[in-house]
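Participant: Just input27.txt, nothing more (compact mmCIF, C-alpha atoms):
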# COMPACT_ATOMS: atom_id res chain seq x y z
CA MET A 1 4.52 26.68 32.62
CA ILE A 2 5.12 24.16 29.81
CA ARG A 3 2.79 21.16 30.02
CA GLY A 4 3.02 19.66 26.56
CA VAL A 5 5.02 19.34 23.34
CA LEU A 6 3.57 19.06 19.84
CA PHE A 7 5.78 17.58 17.15
CA ASP A 8 5.88 17.66 13.40
CA LEU A 9 6.71 14.13 12.14
CA ASP A 10 8.62 14.00 8.80
CA ASP A 11 12.24 15.20 9.15
CA THR A 12 11.56 16.22 12.77
CA LEU A 13 11.49 12.74 14.38
CA TYR A 14 13.10 10.72 11.56
CA ASN A 15 15.08 11.35 8.41
CA SER A 16 12.23 11.53 5.92
CA SER A 17 13.87 13.49 3.05
CA SER A 18 16.93 11.28 2.88
CA PHE A 19 15.12 7.95 3.10
CA ALA A 20 12.51 8.95 0.51
CA ASN A 21 15.27 10.01 -1.90
CA ARG A 22 17.10 6.72 -1.49
CA ALA A 23 13.89 4.72 -1.93
CA ARG A 24 13.03 6.71 -5.09
CA LYS A 25 16.51 6.15 -6.54
CA GLU A 26 16.22 2.38 -6.05
CA ALA A 27 12.70 2.45 -7.50
CA LEU A 28 13.98 4.18 -10.65
CA ARG A 29 16.73 1.56 -11.03
CA ALA A 30 14.16 -1.25 -10.70
CA MET A 31 11.90 0.45 -13.28
CA ILE A 32 14.80 0.78 -15.74
CA ASP A 33 15.62 -2.92 -15.19
CA ALA A 34 11.95 -3.68 -15.93
CA GLY A 35 12.08 -1.82 -19.25
CA LEU A 36 11.75 1.91 -18.55
CA ASP A 37 13.54 3.41 -21.53
CA SER A 38 15.67 6.04 -19.79
CA THR A 39 18.96 6.71 -18.02
CA GLU A 40 18.84 6.98 -14.23
CA GLU A 41 19.81 10.64 -14.53
CA ASN A 42 16.99 11.50 -16.92
CA ALA A 43 14.40 9.48 -14.95
CA GLN A 44 15.46 11.30 -11.77
CA LYS A 45 15.08 14.64 -13.50
CA VAL A 46 11.57 13.79 -14.76
CA LEU A 47 10.57 12.48 -11.32
CA ASN A 48 11.86 15.59 -9.53
CA LYS A 49 9.77 17.73 -11.86
CA ILE A 50 6.63 15.66 -11.11
CA ILE A 51 7.28 15.91 -7.35
CA ASP A 52 7.81 19.68 -7.64
CA GLN A 53 4.55 20.09 -9.53
CA LYS A 54 2.33 17.61 -7.67
CA GLY A 55 3.91 17.51 -4.19
CA SER A 56 5.45 14.54 -2.39
CA ASN A 57 2.11 13.22 -1.09
CA TYR A 58 0.69 12.79 -4.64
CA GLY A 59 -0.06 9.11 -5.25
CA MET A 60 0.70 8.75 -8.97
CA HIS A 61 4.35 9.83 -9.32
CA PHE A 62 5.45 6.65 -11.08
CA ASN A 63 2.36 6.50 -13.32
CA ASP A 64 3.15 10.03 -14.55
CA LEU A 65 6.85 9.20 -14.90
CA VAL A 66 6.24 6.21 -17.16
CA LYS A 67 3.71 8.15 -19.20
CA ASP A 68 6.11 11.09 -19.61
CA ILE A 69 9.07 8.93 -20.64
CA MET A 70 7.41 6.13 -22.64
CA GLY A 71 4.19 7.81 -23.79
CA VAL A 72 2.16 4.81 -22.59
CA HIS A 73 0.71 3.33 -19.39
CA ASP A 74 2.84 0.29 -18.44
CA PRO A 75 1.54 -1.30 -15.22
CA LYS A 76 4.46 -3.75 -14.94
CA ILE A 77 7.05 -0.98 -14.80
CA ILE A 78 4.90 1.20 -12.51
CA THR A 79 4.27 -1.67 -10.08
CA MET A 80 7.95 -2.59 -10.04
CA GLY A 81 8.68 1.00 -8.98
CA ILE A 82 6.01 1.04 -6.29
CA ILE A 83 7.09 -2.31 -4.77
CA THR A 84 10.76 -1.30 -4.73
CA TYR A 85 9.95 2.11 -3.24
CA HIS A 86 8.00 0.53 -0.38
CA ASN A 87 10.53 -2.26 0.24
CA VAL A 88 13.41 0.22 0.51
CA LYS A 89 11.33 2.69 2.53
CA PHE A 90 10.46 0.09 5.16
CA ALA A 91 14.05 -1.19 5.18
CA LEU A 92 15.39 2.30 5.94
CA LEU A 93 12.64 3.75 8.15
CA ARG A 94 13.95 4.40 11.65
CA PRO A 95 13.84 7.26 14.17
CA TYR A 96 16.86 9.53 14.66
CA SER A 97 19.16 7.77 17.11
CA ASP A 98 18.10 10.12 19.94
CA THR A 99 14.38 10.37 19.17
CA ILE A 100 13.10 7.64 21.50
CA LYS A 101 15.33 8.62 24.44
CA THR A 102 14.24 12.26 24.07
CA LEU A 103 10.52 11.39 23.93
CA VAL A 104 10.86 9.17 27.01
CA ASP A 105 12.74 11.95 28.86
CA LEU A 106 9.98 14.44 28.04
CA ARG A 107 7.29 12.05 29.28
CA THR A 108 9.31 11.48 32.45
CA MET A 109 9.22 15.26 32.94
CA GLY A 110 5.41 14.91 33.07
CA LEU A 111 4.75 16.51 29.69
CA LYS A 112 1.92 15.54 27.35
CA LEU A 113 3.18 14.70 23.86
CA GLY A 114 1.37 15.03 20.54
CA ILE A 115 1.95 14.79 16.80
CA LEU A 116 0.55 17.50 14.52
CA THR A 117 1.34 16.54 10.94
CA ASP A 118 0.24 17.17 7.38
CA GLY A 119 -0.65 14.05 5.42
CA VAL A 120 -2.94 11.09 4.94
CA THR A 121 -3.99 9.74 8.37
CA ILE A 122 -3.28 6.07 7.65
CA LYS A 123 0.10 6.84 6.06
CA GLN A 124 1.23 9.00 8.98
CA TRP A 125 0.05 6.36 11.48
CA GLU A 126 1.88 3.71 9.49
CA LYS A 127 5.11 5.66 9.89
CA LEU A 128 4.54 6.09 13.65
CA ILE A 129 3.82 2.37 14.09
CA ARG A 130 6.75 1.23 11.93
CA LEU A 131 9.03 3.72 13.73
CA GLY A 132 7.86 2.13 16.98
CA ILE A 133 7.18 5.50 18.62
CA HIS A 134 3.36 5.63 18.54
CA PRO A 135 2.85 4.54 22.19
CA LEU A 136 4.77 7.63 23.34
CA PHE A 137 2.13 10.10 22.10
CA ASP A 138 -1.09 11.15 23.81
CA GLU A 139 -2.59 12.57 20.62
CA VAL A 140 -1.95 12.27 16.89
CA VAL A 141 -3.57 14.91 14.69
CA THR A 142 -3.37 14.91 10.89
CA SER A 143 -4.40 17.47 8.29
CA GLU A 144 -6.60 14.84 6.61
CA GLU A 145 -8.48 14.27 9.85
CA PHE A 146 -8.93 17.98 10.57
CA GLY A 147 -9.69 18.95 6.97
CA LEU A 148 -7.10 21.74 6.85
CA GLY A 149 -3.32 21.51 7.04
CA LYS A 150 -0.32 23.68 7.82
CA PRO A 151 0.25 26.58 7.76
CA ASN A 152 -3.42 27.16 8.70
CA THR A 153 -3.45 28.40 12.27
CA GLU A 154 -6.81 26.71 13.00
CA PHE A 155 -4.99 23.38 12.60
CA PHE A 156 -2.58 24.38 15.40
CA ASN A 157 -5.50 25.49 17.61
CA TYR A 158 -7.10 22.08 16.97
CA GLY A 159 -3.90 20.39 18.20
CA LEU A 160 -4.00 22.49 21.40
CA LYS A 161 -7.63 21.53 21.94
CA LYS A 162 -6.82 17.83 21.55
CA LEU A 163 -4.03 18.12 24.16
CA LYS A 164 -6.42 20.18 26.35
CA LEU A 165 -3.74 22.83 26.82
CA ASN A 166 -3.45 26.59 26.23
CA PRO A 167 -0.93 28.01 23.73
CA GLU A 168 1.41 29.30 26.44
CA GLU A 169 1.62 25.80 27.93
CA VAL A 170 2.85 24.18 24.70
CA VAL A 171 6.05 23.97 22.64
CA TYR A 172 5.91 23.13 18.92
CA VAL A 173 8.90 21.33 17.39
CA GLY A 174 9.30 21.25 13.59
CA ASP A 175 11.77 21.60 10.74
CA ARG A 176 10.01 24.14 8.50
CA VAL A 177 9.93 27.88 9.14
CA ASP A 178 6.97 28.62 6.86
CA ARG A 179 4.71 25.70 7.77
CA ASP A 180 5.72 24.88 11.37
CA ILE A 181 7.40 27.77 13.18
CA ILE A 182 5.55 30.85 11.86
CA PRO A 183 1.96 29.53 12.25
CA ALA A 184 2.69 27.96 15.69
CA LYS A 185 4.24 31.20 16.88
CA SER A 186 1.31 33.24 15.59
CA VAL A 187 -1.18 31.36 17.80
CA GLY A 188 1.08 31.93 20.82
CA ILE A 189 2.89 28.58 21.01
CA ARG A 190 6.61 28.62 21.75
CA THR A 191 8.68 27.07 18.99
CA VAL A 192 11.80 24.96 18.58
CA ARG A 193 13.16 24.52 15.08
CA ILE A 194 15.18 21.43 14.28
CA LEU A 195 17.79 21.84 11.54
CA GLN A 196 17.20 18.57 9.70
CA GLY A 197 16.02 17.59 6.23
CA LYS A 198 15.91 19.55 3.02
CA TYR A 199 14.78 22.85 4.59
CA SER A 200 17.56 22.98 7.19
CA SER A 201 19.31 25.94 5.53
CA VAL A 202 16.20 28.13 5.24
CA CYS A 203 16.62 31.48 7.00
CA ASP A 204 14.73 31.75 10.29
CA GLU A 205 14.04 34.87 12.34
CA THR A 206 11.01 33.50 14.18
CA SER A 207 11.76 30.41 16.23
CA ASP A 208 12.45 30.76 19.95
CA TYR A 209 15.14 28.07 19.87
CA THR A 210 17.08 26.28 17.16
CA ILE A 211 18.59 22.82 17.65
CA LYS A 212 20.66 20.65 15.34
CA ASN A 213 19.78 17.37 17.00
CA ILE A 214 16.65 16.12 18.74
CA SER A 215 18.90 15.17 21.70
CA GLU A 216 19.15 18.89 22.57
CA LEU A 217 15.40 19.23 23.03
CA SER A 218 15.05 18.16 26.69
CA ASN A 219 17.54 20.78 27.83
CA VAL A 220 15.90 23.51 25.75
CA ILE A 221 12.50 22.67 27.24
CA LYS A 222 13.91 22.56 30.78
CA LYS A 223 14.97 26.20 30.28
CA MET A 224 11.36 27.15 29.41
CA ILE A 225 9.61 25.33 32.24
CA MET B 1 -5.27 -26.12 -32.96
CA ILE B 2 -4.54 -24.65 -29.52
CA ARG B 3 -2.10 -21.73 -29.67
CA GLY B 4 -2.62 -20.00 -26.35
CA VAL B 5 -3.81 -20.30 -22.75
CA LEU B 6 -5.54 -17.56 -20.77
CA PHE B 7 -5.47 -17.86 -16.98
CA ASP B 8 -7.47 -16.45 -14.15
CA LEU B 9 -5.05 -15.42 -11.34
CA ASP B 10 -6.49 -15.65 -7.79
CA ASP B 11 -6.98 -19.26 -6.65
CA THR B 12 -6.02 -20.51 -10.14
CA LEU B 13 -2.24 -19.91 -9.98
CA TYR B 14 -1.83 -19.44 -6.22
CA ASN B 15 -3.81 -20.06 -3.06
CA SER B 16 -5.54 -16.70 -2.74
CA SER B 17 -8.53 -17.60 -0.51
CA SER B 18 -6.44 -19.37 2.08
CA PHE B 19 -3.68 -16.80 2.33
CA ALA B 20 -6.12 -13.89 2.51
CA ASN B 21 -7.99 -15.62 5.33
CA ARG B 22 -4.81 -16.20 7.29
CA ALA B 23 -3.65 -12.61 6.76
CA ARG B 24 -7.06 -11.30 7.90
CA LYS B 25 -7.00 -13.48 11.03
CA GLU B 26 -3.57 -12.12 12.02
CA ALA B 27 -4.72 -8.58 11.24
CA LEU B 28 -7.71 -8.99 13.60
CA ARG B 29 -5.41 -10.27 16.36
CA ALA B 30 -3.12 -7.26 15.90
CA MET B 31 -6.12 -4.89 15.98
CA ILE B 32 -7.38 -6.47 19.22
CA ASP B 33 -3.89 -6.10 20.72
CA ALA B 34 -3.99 -2.44 19.67
CA GLY B 35 -7.28 -1.85 21.48
CA LEU B 36 -10.10 -3.15 19.28
CA ASP B 37 -12.76 -3.97 21.85
CA SER B 38 -13.89 -7.40 20.59
CA THR B 39 -13.21 -11.10 20.72
CA GLU B 40 -11.47 -12.64 17.70
CA GLU B 41 -14.62 -14.61 16.96
CA ASN B 42 -16.87 -11.56 16.93
CA ALA B 43 -14.40 -9.46 14.92
CA GLN B 44 -14.18 -12.27 12.35
CA LYS B 45 -17.96 -12.40 12.11
CA VAL B 46 -18.24 -8.63 11.57
CA LEU B 47 -15.43 -8.71 8.99
CA ASN B 48 -17.02 -11.59 7.07
CA LYS B 49 -20.24 -9.62 6.85
CA ILE B 50 -18.41 -6.55 5.50
CA ILE B 51 -16.60 -8.70 2.90
CA ASP B 52 -19.90 -10.33 1.88
CA GLN B 53 -21.55 -6.94 1.44
CA LYS B 54 -18.70 -4.96 -0.12
CA GLY B 55 -16.64 -7.66 -1.90
CA SER B 56 -13.06 -8.67 -1.25
CA ASN B 57 -11.58 -5.90 -3.43
CA TYR B 58 -13.21 -3.13 -1.33
CA GLY B 59 -10.47 -0.97 0.21
CA MET B 60 -12.00 0.00 3.56
CA HIS B 61 -12.75 -3.31 5.32
CA PHE B 62 -10.85 -2.44 8.48
CA ASN B 63 -12.20 1.12 8.62
CA ASP B 64 -15.75 -0.25 8.54
CA LEU B 65 -14.89 -2.98 11.06
CA VAL B 66 -13.57 -0.51 13.66
CA LYS B 67 -16.53 1.79 13.09
CA ASP B 68 -19.00 -1.10 13.46
CA ILE B 69 -17.42 -2.44 16.65
CA MET B 70 -16.24 0.72 18.41
CA GLY B 71 -18.57 3.35 16.92
CA VAL B 72 -15.60 5.60 16.16
CA HIS B 73 -12.82 6.07 13.60
CA ASP B 74 -9.56 4.93 15.21
CA PRO B 75 -6.65 5.27 12.75
CA LYS B 76 -4.14 3.55 15.06
CA ILE B 77 -6.17 0.33 15.17
CA ILE B 78 -7.03 0.48 11.45
CA THR B 79 -3.40 1.03 10.46
CA MET B 80 -2.24 -1.80 12.71
CA GLY B 81 -4.66 -4.08 10.85
CA ILE B 82 -3.55 -2.90 7.40
CA ILE B 83 0.18 -3.28 8.18
CA THR B 84 -0.30 -6.76 9.65
CA TYR B 85 -2.50 -7.85 6.74
CA HIS B 86 0.15 -6.79 4.21
CA ASN B 87 3.07 -8.23 6.18
CA VAL B 88 1.40 -11.63 6.47
CA LYS B 89 0.14 -11.53 2.88
CA PHE B 90 3.63 -10.97 1.49
CA ALA B 91 5.08 -13.56 3.85
CA LEU B 92 2.63 -16.21 2.59
CA LEU B 93 2.27 -15.27 -1.08
CA ARG B 94 3.66 -18.02 -3.31
CA PRO B 95 2.53 -19.93 -6.40
CA TYR B 96 1.14 -23.47 -6.10
CA SER B 97 4.14 -25.79 -6.05
CA ASP B 98 3.52 -26.85 -9.68
CA THR B 99 2.54 -23.47 -11.14
CA ILE B 100 5.95 -22.38 -12.45
CA LYS B 101 6.85 -25.80 -13.89
CA THR B 102 3.47 -25.97 -15.65
CA LEU B 103 3.77 -22.47 -17.14
CA VAL B 104 7.28 -23.23 -18.39
CA ASP B 105 6.07 -26.53 -19.92
CA LEU B 106 3.26 -24.71 -21.75
CA ARG B 107 5.67 -22.10 -23.11
CA THR B 108 8.01 -24.91 -24.21
CA MET B 109 5.05 -26.33 -26.16
CA GLY B 110 5.04 -23.03 -28.09
CA LEU B 111 1.86 -21.65 -26.53
CA LYS B 112 1.19 -17.98 -25.87
CA LEU B 113 0.21 -17.36 -22.24
CA GLY B 114 -1.97 -14.61 -20.82
CA ILE B 115 -3.65 -13.50 -17.60
CA LEU B 116 -7.27 -12.30 -17.70
CA THR B 117 -8.22 -11.21 -14.19
CA ASP B 118 -10.71 -9.07 -12.35
CA GLY B 119 -9.17 -6.46 -10.08
CA VAL B 120 -7.13 -3.29 -9.72
CA THR B 121 -4.31 -3.33 -12.30
CA ILE B 122 -1.49 -2.37 -9.93
CA LYS B 123 -2.65 -4.86 -7.27
CA GLN B 124 -2.85 -7.75 -9.76
CA TRP B 125 0.57 -6.84 -11.20
CA GLU B 126 1.96 -6.67 -7.68
CA LYS B 127 0.82 -10.25 -7.09
CA LEU B 128 2.37 -11.43 -10.38
CA ILE B 129 5.68 -9.73 -9.60
CA ARG B 130 5.81 -10.95 -5.99
CA LEU B 131 4.84 -14.46 -7.15
CA GLY B 132 7.78 -14.23 -9.59
CA ILE B 133 5.68 -15.46 -12.52
CA HIS B 134 5.17 -12.24 -14.49
CA PRO B 135 7.94 -12.90 -17.07
CA LEU B 136 6.10 -16.06 -18.17
CA PHE B 137 3.11 -14.19 -19.61
CA ASP B 138 2.79 -12.48 -23.00
CA GLU B 139 -0.22 -10.42 -21.96
CA VAL B 140 -1.83 -9.36 -18.69
CA VAL B 141 -5.37 -7.99 -18.92
CA THR B 142 -7.33 -6.63 -15.96
CA SER B 143 -10.95 -5.59 -15.57
CA GLU B 144 -9.80 -2.15 -14.38
CA GLU B 145 -7.81 -1.66 -17.56
CA PHE B 146 -10.63 -2.85 -19.84
CA GLY B 147 -13.40 -1.08 -17.93
CA LEU B 148 -15.58 -4.19 -17.62
CA GLY B 149 -14.93 -7.40 -15.70
CA LYS B 150 -16.06 -10.99 -15.59
CA PRO B 151 -18.52 -12.45 -16.41
CA ASN B 152 -18.86 -9.90 -19.26
CA THR B 153 -18.05 -11.75 -22.48
CA GLU B 154 -16.56 -8.60 -24.07
CA PHE B 155 -13.79 -8.86 -21.49
CA PHE B 156 -12.96 -12.37 -22.76
CA ASN B 157 -13.03 -11.17 -26.38
CA TYR B 158 -10.63 -8.40 -25.38
CA GLY B 159 -8.25 -11.03 -23.95
CA LEU B 160 -8.36 -12.95 -27.26
CA LYS B 161 -7.63 -9.76 -29.17
CA LYS B 162 -4.60 -9.02 -26.97
CA LEU B 163 -3.22 -12.54 -27.60
CA LYS B 164 -4.06 -12.10 -31.34
CA LEU B 165 -5.83 -15.48 -31.35
CA ASN B 166 -9.28 -16.77 -32.25
CA PRO B 167 -11.55 -18.38 -29.64
CA GLU B 168 -11.01 -21.88 -30.98
CA GLU B 169 -7.24 -21.47 -30.57
CA VAL B 170 -7.43 -20.67 -26.85
CA VAL B 171 -8.02 -22.47 -23.55
CA TYR B 172 -9.23 -20.58 -20.48
CA VAL B 173 -8.23 -21.86 -17.04
CA GLY B 174 -10.10 -20.65 -13.96
CA ASP B 175 -11.65 -21.71 -10.66
CA ARG B 176 -15.13 -20.18 -10.91
CA VAL B 177 -17.98 -21.64 -12.92
CA ASP B 178 -20.07 -18.46 -13.05
CA ARG B 179 -17.34 -15.91 -13.74
CA ASP B 180 -14.68 -17.95 -15.59
CA ILE B 181 -16.03 -21.09 -17.24
CA ILE B 182 -19.51 -20.04 -18.44
CA PRO B 183 -18.53 -16.72 -20.09
CA ALA B 184 -15.34 -18.18 -21.66
CA LYS B 185 -17.32 -21.10 -23.05
CA SER B 186 -19.99 -18.77 -24.42
CA VAL B 187 -17.49 -16.92 -26.63
CA GLY B 188 -16.19 -20.25 -27.96
CA ILE B 189 -13.08 -20.71 -25.81
CA ARG B 190 -12.38 -24.18 -24.45
CA THR B 191 -12.27 -24.29 -20.66
CA VAL B 192 -10.41 -26.05 -17.89
CA ARG B 193 -11.73 -25.64 -14.37
CA ILE B 194 -9.31 -25.97 -11.47
CA LEU B 195 -10.84 -27.22 -8.21
CA GLN B 196 -9.07 -24.85 -5.82
CA GLY B 197 -10.15 -22.12 -3.42
CA LYS B 198 -13.49 -21.40 -1.85
CA TYR B 199 -15.58 -22.20 -4.95
CA SER B 200 -14.08 -25.67 -5.51
CA SER B 201 -17.29 -27.49 -4.53
CA VAL B 202 -19.61 -25.48 -6.81
CA CYS B 203 -21.51 -27.69 -9.25
CA ASP B 204 -20.22 -27.51 -12.83
CA GLU B 205 -21.87 -28.82 -15.99
CA THR B 206 -20.04 -26.52 -18.40
CA SER B 207 -16.26 -26.93 -18.32
CA ASP B 208 -14.54 -29.14 -20.90
CA TYR B 209 -12.06 -30.47 -18.37
CA THR B 210 -11.76 -30.40 -14.60
CA ILE B 211 -8.42 -30.69 -12.79
CA LYS B 212 -7.58 -30.78 -9.10
CA ASN B 213 -4.03 -29.58 -9.48
CA ILE B 214 -2.35 -27.20 -11.92
CA SER B 215 0.21 -29.97 -12.61
CA GLU B 216 -2.48 -31.82 -14.62
CA LEU B 217 -2.88 -28.93 -17.06
CA SER B 218 -0.10 -29.74 -19.56
CA ASN B 219 -1.50 -33.22 -20.18
CA VAL B 220 -5.05 -31.92 -20.56
CA ILE B 221 -3.91 -29.35 -23.14
CA LYS B 222 -1.82 -31.95 -25.03
CA LYS B 223 -5.07 -33.87 -25.55
CA MET B 224 -6.68 -30.79 -27.14
CA ILE B 225 -3.84 -29.80 -29.48
Let me see the structure of the file written as structure tokens.
Facilitator:
Amino acid sequence: MIRGVLFDLDDTLYNSSSFANRARKEALRAMIDAGLDSTEENAQKVLNKIIDQKGSNYGMHFNDLVKDIMGVHDPKIITMGIITYHNVKFALLRPYSDTIKTLVDLRTMGLKLGILTDGVTIKQWEKLIRLGIHPLFDEVVTSEEFGLGKPNTEFFNYGLKKLKLNPEEVVYVGDRVDRDIIPAKSVGIRTVRILQGKYSSVCDETSDYTIKNISELSNVIKKMI
Amino acid sequence: MIRGVLFDLDDTLYNSSSFANRARKEALRAMIDAGLDSTEENAQKVLNKIIDQKGSNYGMHFNDLVKDIMGVHDPKIITMGIITYHNVKFALLRPYSDTIKTLVDLRTMGLKLGILTDGVTIKQWEKLIRLGIHPLFDEVVTSEEFGLGKPNTEFFNYGLKKLKLNPEEVVYVGDRVDRDIIPAKSVGIRTVRILQGKYSSVCDETSDYTIKNISELSNVIKKMI
């Protein structure tokens, strides 16, 4: 008997990869306008390398970028990048067109809903609030709050505990095989993989169901109940 | 011979105290709407105490507020406060009506202009960029960048060095007697105090000139040249 659904956030409920890329591109243009001595192409290449090395949640991407390209710390150029990144991010941030309807449908089915996401608590909450979907969740659990993130299975057990449900009563929905599907499955949670974002083509032999669009989720869960 | 003017930023070139107060008031309302169990009056009192103890540049005001009032960490309420604070801040942030004209007049007089401000470099640059006045300054110096802030006189000497001017060639403009006027004066810089913001009624026996409005500055400096 399914009683609850736990969701990953980025790329699962909204188009995180695409909007971050567009915001970064505009930030680089603004930095070049402000005096960053580089072509867009080269700046993008340097930035991609920094993101690969430090991860996308690292807070000093633009500081490192300016240092790498110009050899100095230039707060005007860095700040121009940060402001533009945030302006574009907030301008573009929205749920997938079927996210809200799907979440409401699941609640109407009597299911508890939760978010289990890696990231800084305040940043993840900011996304939920700006997306307008935060009132639809009973619990929001972040890796910062718990102290350990995906793919640690204890993090998934912590999510179950917060929802007060057993593994067999819960479905986990996420976009990544390695960090969402495999660890959820290994603690006994059923899994739905959503083919969105930059990991959508990764090979998957683990998930119970695969969907292309969040709109398919209600029907998939109805089959499990 | 006056060749340059160094400015404090907050309350000297824009109405920092007032806009921060209004942004905080709206943030408290949003936090109460989101479940903060308090009256506006009580929340304001608790917040004022935290600001008094930790300073206005402390980054965790709303975290401490929620903890003090509710006894728990509630990221939804904290984030609601942070988002509202920033939204209102950016909506209200603007220079005094005569700031830009005055800065342009001073540049037309052939003077070098600089900012010498306490605070986090990126945050102070963000204000300058959002205020639209950053292209008017030759140098921007922050306490974070230098490693020491006001009223340390070495910080003022560092500002002179960046402008490549001697003390007797420079005027410092600021709103605070203790942190702007007295230390600037003590390294030999002439001083203009602007009577704006929450320290406008503090007694002052040090400044060379006192003005109520930034629009009076060009005439005051013409007298010194």
Participant: Starting from chain B, keep only residues with some atom at most 8 Å from an atom of chain A, counting only C-alpha atoms, and report them as an MDAnalysis selection string.
Facilitator: chainID B and resid 75:76 78:80 83 121:122 125:126 129
Participant: Create the file for the chosen residues now, containing C-alpha atoms and written as a compact mmCIF listing (two decimals), keeping the file's coordinate frame.
Facilitator:
# COMPACT_ATOMS: atom_id res chain seq x y z
CA PRO B 75 -6.65 5.27 12.75
CA LYS B 76 -4.14 3.55 15.06
CA ILE B 78 -7.03 0.48 11.45
CA THR B 79 -3.40 1.03 10.46
CA MET B 80 -2.24 -1.80 12.71
CA ILE B 83 0.18 -3.28 8.18
CA THR B 121 -4.31 -3.33 -12.30
CA ILE B 122 -1.49 -2.37 -9.93
CA TRP B 125 0.57 -6.84 -11.20
CA GLU B 126 1.96 -6.67 -7.68
CA ILE B 129 5.68 -9.73 -9.60
Participant: List the spatial neighbours of Thr108 (chain B) as an MDAnalysis selection string - criterion: any atom at most 12 Å away, only C-alpha atoms, same-chain residues fewer than 6 positions off excluded.
Facilitator: chainID B and resid 3:4 101:102 136 218
Participant: Could you name the residues that touch Leu116 (chain A) at 12 Å or less, counting only C-alpha atoms, but leaving out those on the same chain fewer than 6 positions away, as a ChimeraX atom specification?
Facilitator: /A:5-10,12-13,124-125,137-146,148-163,171-174,179-180,184
Participant: Using all atoms listed in the file, which residue out of A:Gly71, A:Leu92, A:Arg190, A:Ile211 lies closest to Met224 (chain A)?
Facilitator: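 Once distances to Met224 (chain A) are computed over all atoms listed in the file, the minimum belongs to A:Arg190.
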Participant: Computed after least-squares fitting of chain A to chain B on all C-alpha atoms in order, what is the RMSD in Å?
Facilitator: 0.0 Å
Participant: Identify, on the basis of only C-alpha atoms, every residue whose closest approach to Leu28 (chain A) does not exceed 8 Å; exclude the query and any residue fewer than 2 positions from it along the same chain; express the result as number ranges by chain.
Facilitator: A: 24-26, 30-32, 40, 43-44, 81
Participant: Measure the distance from CA of Thr39 (chain A) to CA of Ser18 (chain A) in Å and round it to one decimal.
Facilitator: 21.5 Å
Participant: Mind checking which residues fall within 8 Å of region 199-209 of chain A, counting only C-alpha atoms, ignoring those fewer than 2 positions away in the same chain, and posting them as a ChimeraX atom specification?
Facilitator: /A:175-177,181-182,185,190-197,211,220
Participant: Taking C-alpha atoms for each residue, export the selection above as a compact mmCIF listing (two decimals), in the coordinates of the input.
Facilitator:
# COMPACT_ATOMS: atom_id res chain seq x y z
CA ASP A 175 11.77 21.60 10.74
CA ARG A 176 10.01 24.14 8.50
CA VAL A 177 9.93 27.88 9.14
CA ILE A 181 7.40 27.77 13.18
CA ILE A 182 5.55 30.85 11.86
CA LYS A 185 4.24 31.20 16.88
CA ARG A 190 6.61 28.62 21.75
CA THR A 191 8.68 27.07 18.99
CA VAL A 192 11.80 24.96 18.58
CA ARG A 193 13.16 24.52 15.08
CA ILE A 194 15.18 21.43 14.28
CA LEU A 195 17.79 21.84 11.54
CA GLN A 196 17.20 18.57 9.70
CA GLY A 197 16.02 17.59 6.23
CA ILE A 211 18.59 22.82 17.65
CA VAL A 220 15.90 23.51 25.75
Participant: When distances are computed from only C-alpha atoms, which of A:Val120, A:Leu65, A:Ile100, A:Leu217 shows the smallest separation from Ser38 (chain A)?
Facilitator: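 Ranking A:Val120, A:Leu65, A:Ile100, A:Leu217 by distance to Ser38 (chain A), first place goes to A:Leu65.
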Participant: For a test of reading the model, state the distance in Å between CA of Met60 (chain B) and CA of Ser56 (chain A), rounded to one decimal.
Facilitator: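 Going from CA of Met60 (chain B) over to CA of Ser56 (chain A), I get 23.5 Å.
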Participant: Counting only C-alpha atoms, which of A:His61, A:Arg22, A:Lys54, A:Lys222 gets nearest to Leu106 (chain A)?
Facilitator: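 Once distances to Leu106 (chain A) are computed over only C-alpha atoms, the minimum belongs to A:Lys222.
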Participant: How many Å lie between CA of Asn42 (chain A) and CA of Tyr14 (chain A), rounded to one decimal?
Facilitator: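 That distance, rounded to one decimal, is 28.8 Å.
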Participant: I'd like to know which of B:Asp98, B:Ile2, B:Gly59, B:Leu131 is closest to Pro167 (chain B), using only C-alpha atoms.
Facilitator: B:Ile2
Participant: Which of these, B:Gly132, B:Thr99, B:Leu47, B:His86, has the shortest distance to Lys67 (chain B) once you count all atoms listed in the file?
Facilitator: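 Residue with the minimum atom-to-atom distance to Lys67 (chain B): B:Leu47.
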